[in-house]
file model13.csv (CSV, C-alpha atoms)
chain,number,residue,atom,x,y,z
A,11,MET,CA,-60.1,-34.2,93.7
A,12,ASP,CA,-60.0,-30.9,91.9
A,13,PRO,CA,-63.2,-30.4,89.7
A,14,GLU,CA,-61.3,-28.2,87.2
A,15,ARG,CA,-58.7,-30.9,86.5
A,16,ASP,CA,-61.4,-33.5,85.9
A,17,LEU,CA,-62.9,-31.3,83.1
A,18,ASP,CA,-59.6,-31.7,81.1
A,19,LYS,CA,-60.3,-35.4,80.9
A,20,VAL,CA,-63.7,-35.0,79.3
A,21,GLY,CA,-64.0,-34.2,75.6
A,22,ALA,CA,-61.1,-33.5,73.2
A,23,HIS,CA,-59.3,-30.6,71.6
A,24,CYS,CA,-60.2,-29.7,68.0
A,25,ALA,CA,-57.6,-31.2,65.5
A,26,LEU,CA,-57.5,-27.9,63.5
A,27,LYS,CA,-54.2,-26.3,64.6
A,28,ASP,CA,-55.6,-22.7,64.5
A,29,CYS,CA,-58.6,-23.7,66.7
A,30,ASN,CA,-57.5,-26.3,69.2
A,31,SER,CA,-60.6,-25.5,71.4
A,32,LEU,CA,-61.8,-28.1,74.0
A,33,ASP,CA,-65.1,-29.6,72.9
A,34,PHE,CA,-67.0,-31.8,75.3
A,35,LEU,CA,-68.8,-33.5,72.4
A,36,PRO,CA,-66.2,-33.7,69.6
A,37,ASN,CA,-67.2,-34.8,66.1
A,38,VAL,CA,-65.2,-37.5,64.2
A,39,CYS,CA,-64.6,-36.7,60.5
A,40,GLU,CA,-65.6,-39.6,58.3
A,41,GLY,CA,-62.7,-38.9,56.0
A,42,CYS,CA,-59.6,-38.3,58.1
A,43,LYS,CA,-61.0,-39.8,61.3
A,44,LYS,CA,-59.8,-36.8,63.4
A,45,LEU,CA,-61.8,-35.1,66.2
A,46,PHE,CA,-63.1,-31.6,65.5
A,47,CYS,CA,-65.3,-29.0,67.3
A,48,LEU,CA,-68.7,-28.2,66.0
A,49,ASP,CA,-67.4,-25.3,64.0
A,50,HIS,CA,-64.9,-27.5,62.1
A,51,ALA,CA,-66.8,-30.8,61.9
A,52,LYS,CA,-67.8,-30.5,58.2
A,53,VAL,CA,-65.3,-31.7,55.6
A,54,GLN,CA,-65.1,-28.3,53.9
A,55,ASP,CA,-64.6,-26.5,57.3
A,56,HIS,CA,-61.3,-28.2,58.0
A,57,ALA,CA,-60.2,-28.9,54.4
A,58,CYS,CA,-60.2,-32.6,54.9
A,59,PRO,CA,-57.3,-34.3,52.9
A,60,THR,CA,-59.3,-37.5,52.5
A,61,PRO,CA,-63.0,-36.6,52.0
A,62,PRO,CA,-65.4,-39.5,52.4
A,63,VAL,CA,-67.2,-41.0,49.4
A,64,LYS,CA,-70.9,-41.6,50.2
A,65,ILE,CA,-72.5,-44.9,49.3
A,66,GLY,CA,-73.6,-44.6,45.7
A,67,GLY,CA,-70.8,-42.1,45.1
A,68,VAL,CA,-68.8,-41.8,42.0
A,69,THR,CA,-65.6,-43.8,41.5
A,70,ILE,CA,-63.3,-44.2,38.4
A,71,THR,CA,-60.8,-46.8,37.5
A,72,CYS,CA,-57.3,-45.8,36.4
A,73,HIS,CA,-56.6,-47.3,33.0
A,74,LEU,CA,-52.9,-47.6,33.8
A,75,CYS,CA,-52.9,-49.5,37.2
A,76,ASP,CA,-56.6,-50.5,37.6
A,77,SER,CA,-56.8,-48.7,41.0
A,78,ILE,CA,-60.3,-47.6,42.0
A,79,LEU,CA,-60.3,-43.9,42.7
A,80,PRO,CA,-63.1,-42.1,44.7
A,81,VAL,CA,-64.3,-38.8,43.1
A,82,PRO,CA,-65.3,-36.4,46.0
A,83,ALA,CA,-68.5,-34.4,45.6
A,84,GLY,CA,-67.8,-31.2,43.6
A,85,SER,CA,-64.7,-32.7,41.8
A,86,TYR,CA,-64.3,-33.7,38.2
A,87,GLU,CA,-63.3,-37.2,37.3
A,88,ASN,CA,-60.5,-36.0,34.9
A,89,ASP,CA,-59.0,-33.9,37.7
A,90,VAL,CA,-58.9,-36.9,40.1
A,91,LEU,CA,-57.4,-39.1,37.4
A,92,SER,CA,-54.7,-36.6,36.4
A,93,ALA,CA,-53.8,-36.0,40.1
A,94,HIS,CA,-53.4,-39.8,40.6
A,95,THR,CA,-51.2,-40.1,37.5
A,96,LYS,CA,-49.0,-37.1,38.6
A,97,LYS,CA,-48.4,-38.8,42.0
A,98,GLY,CA,-47.2,-41.8,40.0
A,99,CYS,CA,-49.6,-44.7,39.8
A,100,PRO,CA,-48.1,-48.2,40.2
A,101,LYS,CA,-47.8,-50.3,37.1
A,102,LYS,CA,-50.0,-53.3,36.6
A,103,ALA,CA,-48.5,-56.5,38.0
A,104,SER,CA,-47.9,-58.9,35.2
A,105,ILE,CA,-49.4,-62.3,35.8
A,106,ALA,CA,-47.8,-64.1,32.8
A,107,GLN,CA,-44.4,-65.5,33.9
A,108,HIS,CA,-43.8,-68.7,32.1
A,109,LYS,CA,-42.5,-68.5,28.5
A,110,CYS,CA,-43.4,-71.1,25.9
A,111,THR,CA,-40.4,-72.8,24.4
A,112,PHE,CA,-42.1,-73.0,21.0
A,113,CYS,CA,-43.3,-69.4,20.6
A,114,PRO,CA,-42.7,-66.1,22.4
A,115,LYS,CA,-46.1,-66.2,24.3
A,116,MET,CA,-46.2,-66.1,28.1
A,117,GLU,CA,-48.6,-68.0,30.4
A,118,ALA,CA,-49.6,-67.5,34.0
A,119,ILE,CA,-49.3,-71.2,34.8
A,120,LYS,CA,-46.5,-73.6,34.0
A,121,ILE,CA,-47.5,-76.3,31.5
A,122,VAL,CA,-44.8,-78.9,31.2
A,123,CYS,CA,-44.9,-81.6,28.6
A,124,PRO,CA,-44.4,-85.0,30.3
A,125,ASN,CA,-42.3,-86.3,27.4
A,126,CYS,CA,-39.8,-83.6,26.5
A,127,LYS,CA,-40.1,-81.7,29.8
A,128,ASN,CA,-40.3,-78.3,28.1
A,129,ASN,CA,-42.7,-75.5,29.1
A,130,PHE,CA,-45.5,-74.5,26.6
A,131,CYS,CA,-48.4,-72.1,26.2
A,132,LEU,CA,-52.0,-73.4,26.0
A,133,LYS,CA,-51.8,-73.4,22.2
A,134,HIS,CA,-48.7,-75.7,22.1
A,135,ARG,CA,-49.3,-77.8,25.2
A,136,LEU,CA,-50.2,-81.0,23.3
A,137,GLU,CA,-47.5,-83.2,21.8
A,138,ARG,CA,-48.7,-82.9,18.3
A,139,ASP,CA,-48.8,-79.1,18.5
A,140,HIS,CA,-45.1,-78.7,19.5
A,141,ASN,CA,-43.5,-81.5,17.5
A,142,CYS,CA,-42.6,-83.3,20.6
A,143,LYS,CA,-39.5,-85.4,20.5
A,144,LYS,CA,-39.5,-87.7,23.5
A,145,ARG,CA,-36.5,-87.1,25.7
A,146,VAL,CA,-34.2,-90.1,25.6
A,147,ASN,CA,-33.4,-91.3,29.1
A,148,PRO,CA,-29.7,-92.1,29.6
A,149,PRO,CA,-28.9,-95.8,29.7
A,150,LEU,CA,-29.3,-97.5,33.1
A,151,GLN,CA,-25.5,-97.9,33.5
A,152,GLN,CA,-25.0,-94.2,33.4
A,153,THR,CA,-27.4,-93.6,36.3
A,154,ILE,CA,-25.9,-96.3,38.6
A,155,PRO,CA,-23.0,-95.1,40.8
A,156,PRO,CA,-19.7,-96.8,40.0
A,157,HIS,CA,-19.4,-98.7,43.2
A,158,LEU,CA,-22.8,-100.3,42.6
A,159,GLN,CA,-21.9,-100.9,39.0
A,160,ASN,CA,-18.9,-103.0,40.1
A,161,LEU,CA,-21.1,-105.1,42.3
A,162,LEU,CA,-23.6,-105.6,39.6
A,163,ASN,CA,-20.8,-106.8,37.2
A,164,GLN,CA,-19.5,-109.2,39.8
A,165,LEU,CA,-23.0,-110.7,40.2
A,166,ARG,CA,-23.4,-111.1,36.4
A,167,ASN,CA,-20.0,-112.8,36.0
A,168,SER,CA,-20.4,-115.1,39.0
A,169,LYS,CA,-21.5,-118.7,38.7
A,170,PRO,CA,-24.9,-119.7,39.9
A,171,VAL,CA,-25.0,-121.4,43.2
A,172,LYS,CA,-26.9,-124.7,43.3
A,173,THR,CA,-29.0,-125.5,46.3
A,174,ASN,CA,-30.2,-128.9,47.5
A,175,SER,CA,-33.9,-128.9,47.3
call {"tool": "encode", "arguments": {"input": "model13.csv", "output": "structure tokens"}}
result
Amino acid sequence: MDPERDLDKVGAHCALKDCNSLDFLPNVCEGCKKLFCLDHAKVQDHACPTPPVKIGGVTITCHLCDSILPVPAGSYENDVLSAHTKKGCPKKASIAQHKCTFCPKMEAIKIVCPNCKNNFCLKHRLERDHNCKKRVNPPLQQTIPPHLQNLLNQLRNSKPVKTNS
């Protein structure tokens, strides 16, 4: 075994491209999770793209998409918010998906009237609130297939059979 080659296996090279020095005790950045030498271990020394937010740090909520944005130390909340909106924040997901058949309101859950089988909002869910007209079921003869309808007619027209009891 060559002792010089074994030294290459210990430690890590600094992640900063201009440095790339071999450090036997590299430091892990809390923000970007890369390994750096002692000279570039601090967030400001390697211009970390994702600086860590300390516990109790400042966060703001985007009013457009409700994302929680960390505000790094030394930054202003308005700058962080404007950078976020310039990147293009995602739109809020709409929860309401079911339209009331009585009014234009949308609800998150489907509320179906058991009588008329229409969908309604919370305000119009009761029968008296949406002028419910009970859905008329088709006559039984329309729901029976034709071949069974013929058998049923034959049974109705046949004479009763007397048994000896």
call {"tool": "atom_distance", "arguments": {"input": "model13.csv", "atom1": "atom CA of Lys127 of chain A", "atom2": "atom CA of His140 of chain A"}}
result
11.8 Å
call {"tool": "residues_around", "arguments": {"input": "model13.csv", "residues": "Cys39 of chain A", "least_positions_apart": "4", "cutoff": "10 Å", "atoms": "all atoms listed in the file", "output": "PDB file with C-alpha atoms, in the coordinates of the input"}}
result
ATOM      1  CA  LYS A  43     -61.000 -39.800  61.300  1.00  0.00           C
ATOM      2  CA  LYS A  44     -59.800 -36.800  63.400  1.00  0.00           C
ATOM      3  CA  LEU A  45     -61.800 -35.100  66.200  1.00  0.00           C
ATOM      4  CA  PHE A  46     -63.100 -31.600  65.500  1.00  0.00           C
ATOM      5  CA  HIS A  50     -64.900 -27.500  62.100  1.00  0.00           C
ATOM      6  CA  ALA A  51     -66.800 -30.800  61.900  1.00  0.00           C
ATOM      7  CA  LYS A  52     -67.800 -30.500  58.200  1.00  0.00           C
ATOM      8  CA  VAL A  53     -65.300 -31.700  55.600  1.00  0.00           C
ATOM      9  CA  HIS A  56     -61.300 -28.200  58.000  1.00  0.00           C
ATOM     10  CA  CYS A  58     -60.200 -32.600  54.900  1.00  0.00           C
ATOM     11  CA  THR A  60     -59.300 -37.500  52.500  1.00  0.00           C
ATOM     12  CA  PRO A  61     -63.000 -36.600  52.000  1.00  0.00           C
ATOM     13  CA  PRO A  62     -65.400 -39.500  52.400  1.00  0.00           C
TER      14      PRO A  62
END
call {"tool": "closest_residue", "arguments": {"input": "model13.csv", "among": "A:His157, A:Lys115, A:Lys144, A:Lys169", "to": "Leu132 of chain A", "atoms": "all atoms listed in the file"}}
result
A:Lys115
call {"tool": "atom_distance", "arguments": {"input": "model13.csv", "atom1": "atom CA of Arg135 of chain A", "atom2": "atom CA of Cys110 of chain A"}}
result
9.0 Å
call {"tool": "residues_around", "arguments": {"input": "model13.csv", "residues": "Glu137 of chain A", "least_positions_apart": "4", "cutoff": "12 Å", "atoms": "only C-alpha atoms", "output": "list in words"}}
result
Phe112, Ile121, Val122, Cys123, Pro124, Asn125, Cys126, Lys127, Asn128, Asn129, Phe130, Cys131, Leu132, Lys133, Asn141, Cys142, Lys143 and Lys144 of chain A
call {"tool": "atom_distance", "arguments": {"input": "model13.csv", "atom1": "atom CA of Lys97 of chain A", "atom2": "atom CA of Ile70 of chain A"}}
result
16.3 Å
